[in-house]
Amino acid sequence: MKAFGDIWRSNLFQKWLMAITGLFLVLFLLGHLSGNLLVFLGQAHINEYAHGLRTMGHGAVLWGARIGLLTFFILHVASAITLSRRNRQARPQKYAKVEARSSTLASRTMLYSGLLLISYVLYHLAHFTWGAVHAQHYAQATFILPSGELVPDVYTMVVKSFSEPLITVLYLLSMVMVGLHLNHAIASAFQTLGVTNRRIVPMVRTIGPALSILIALGFSAVPLAIILGLVKI
């Protein structure tokens with residue numbers, strides 16, 4: 001038991017934990033993005049998709065995914081805070097200043113962008129999942145699927161929400177933070193996991209920024225299209 005505790009507390013294990021959970025969270029973002037983009041296919045498509053998620057396995061699949069996602073999220077945040085605190089304690093002040101000058105904006109702001117994103121995720125859940133804020137957008141509008149089933153109208157909720165400029169601006173700013181965070185995080189995660197092959201490293205360094213731009217722009221496309229009137233009820 002003591003050996004496991006020593007391994008768990010080691011910097012190497014914490015780095016691996018942060019990298020692996022981070023990559024799983026990136027996969028979640030890509031999956032979530034693919035669902036969001038169904039807005040562009042129309043009301044029936046995204047409502048059918050949302051209904052399918054809610055009812056898959058009588059709701060067990062969705063709740064299992066939520067619990068797994070929450071576990072990865074907590075482990076990722078905890079390991080990031082642990083490593084950041086240890087780095088600050090171990091690093092001389094003079095060295096920290098030199099490193100700060102040579103590092104990128106994304107790498108210097110990783111912890112802060114991550115903490116800000118946690119705040120936005122909580123707000124986002126309160127809005128779109130729990131209906132605790134902006135309740136007028138979460139009103140029980142319904143939609144009849146091609147199959148004849150009456151389901152909650154997710155499409156209308158999304159369009160009404162992003163028709164408000166303040167909500168859209170907050171969302172777009174959060175996507176900028178997501179892009180900054182992922183720009184450094186993806187390549188760093190692969191490096192932590194030992195991807196050092198000379199032929200693969202340049203590819204990883206390209207994939208990181210490319211994925212961060214794809215995810216940030218992809219999520220931004222929906223509110224922008226709504227606020228510009230390209231997607232409407």
# chains A, B, ... in the order shown; residues from 1 in each chain; ligands from 1
$ residues_around --residues "Leu116 of chain A" --least-positions-apart "5" --cutoff "9 Å" --atoms "only C-alpha atoms" --output "ChimeraX atom specification"
/A:111,121,174,177
$ residues_around --residues "Leu172 of chain A" --least-positions-apart "3" --cutoff "12 Å" --atoms "only C-alpha atoms" --output "list of chain:residue names"
A:Leu117, A:Tyr120, A:Phe162, A:Pro165, A:Leu166, A:Ile167, A:Thr168, A:Val169, A:Met175, A:Val176, A:Met177, A:Val178, A:Gly179, A:Ile215, A:Ala216, A:Leu217, A:Gly218, A:Phe219, A:Ser220, A:Ala221, A:Val222, A:Pro223, A:Leu224, A:Ile227
$ atom_distance --atom1 "atom CA of Leu37 of chain A" --atom2 "atom CA of Tyr49 of chain A"
11.0 Å
$ closest_residue --among "A:Gly114, A:Leu214, A:Ala225, A:Ile74" --to "Leu29 of chain A" --atoms "only C-alpha atoms"
A:Leu214
$ select_by_dssp --residues "segment 23-196 of chain A" --states "helix (DSSP H, G or I)" --output "ChimeraX atom specification"
/A:23-41,43-90,93-102,105-108,110-129,135-137,154-162,165-192
$ closest_residue --among "A:Phe4, A:Phe40, A:Tyr112, A:Phe73" --to "Ile20 of chain A" --atoms "only C-alpha atoms"
A:Phe73
$ residues_around --residues "segment 124-141 of chain A" --least-positions-apart "4" --cutoff "12 Å" --atoms "only C-alpha atoms" --output "number ranges by chain"
A: 47, 50, 54, 66, 117-120, 150-164, 166-168, 170-171, 174
$ decode --residues "segment 169-183 of chain A" --atoms "N, CA and C atoms" --output "CSV table (one decimal), in the first residue's frame"
chain,number,residue,atom,x,y,z
A,169,VAL,N,-20.9,36.1,-26.3
A,169,VAL,CA,-19.5,36.7,-26.1
A,169,VAL,C,-18.8,35.9,-25.0
A,170,LEU,N,-19.5,35.5,-23.9
A,170,LEU,CA,-18.9,34.7,-22.9
A,170,LEU,C,-18.4,33.3,-23.5
A,171,TYR,N,-19.3,32.7,-24.3
A,171,TYR,CA,-19.0,31.5,-24.9
A,171,TYR,C,-17.7,31.6,-25.8
A,172,LEU,N,-17.7,32.6,-26.6
A,172,LEU,CA,-16.6,32.8,-27.6
A,172,LEU,C,-15.3,33.0,-26.8
A,173,LEU,N,-15.3,33.8,-25.8
A,173,LEU,CA,-14.1,34.1,-25.0
A,173,LEU,C,-13.6,32.8,-24.3
A,174,SER,N,-14.6,31.9,-23.9
A,174,SER,CA,-14.1,30.6,-23.3
A,174,SER,C,-13.5,29.8,-24.4
A,175,MET,N,-13.9,29.9,-25.6
A,175,MET,CA,-13.4,29.1,-26.7
A,175,MET,C,-11.9,29.6,-27.0
A,176,VAL,N,-11.7,30.8,-26.9
A,176,VAL,CA,-10.3,31.4,-27.0
A,176,VAL,C,-9.4,30.7,-26.0
A,177,MET,N,-9.9,30.6,-24.7
A,177,MET,CA,-9.2,30.0,-23.6
A,177,MET,C,-8.9,28.5,-23.9
A,178,VAL,N,-10.0,27.8,-24.5
A,178,VAL,CA,-9.8,26.4,-24.8
A,178,VAL,C,-8.7,26.3,-25.8
A,179,GLY,N,-8.7,27.1,-26.9
A,179,GLY,CA,-7.7,27.1,-27.9
A,179,GLY,C,-6.3,27.3,-27.3
A,180,LEU,N,-6.1,28.3,-26.5
A,180,LEU,CA,-4.8,28.5,-25.9
A,180,LEU,C,-4.4,27.4,-25.0
A,181,HIS,N,-5.3,26.8,-24.2
A,181,HIS,CA,-5.0,25.7,-23.3
A,181,HIS,C,-4.5,24.5,-24.1
A,182,LEU,N,-5.3,24.1,-25.2
A,182,LEU,CA,-5.0,22.9,-25.9
A,182,LEU,C,-3.8,23.1,-26.8
A,183,ASN,N,-3.5,24.3,-27.2
A,183,ASN,CA,-2.4,24.5,-28.1
A,183,ASN,C,-1.1,24.0,-27.5
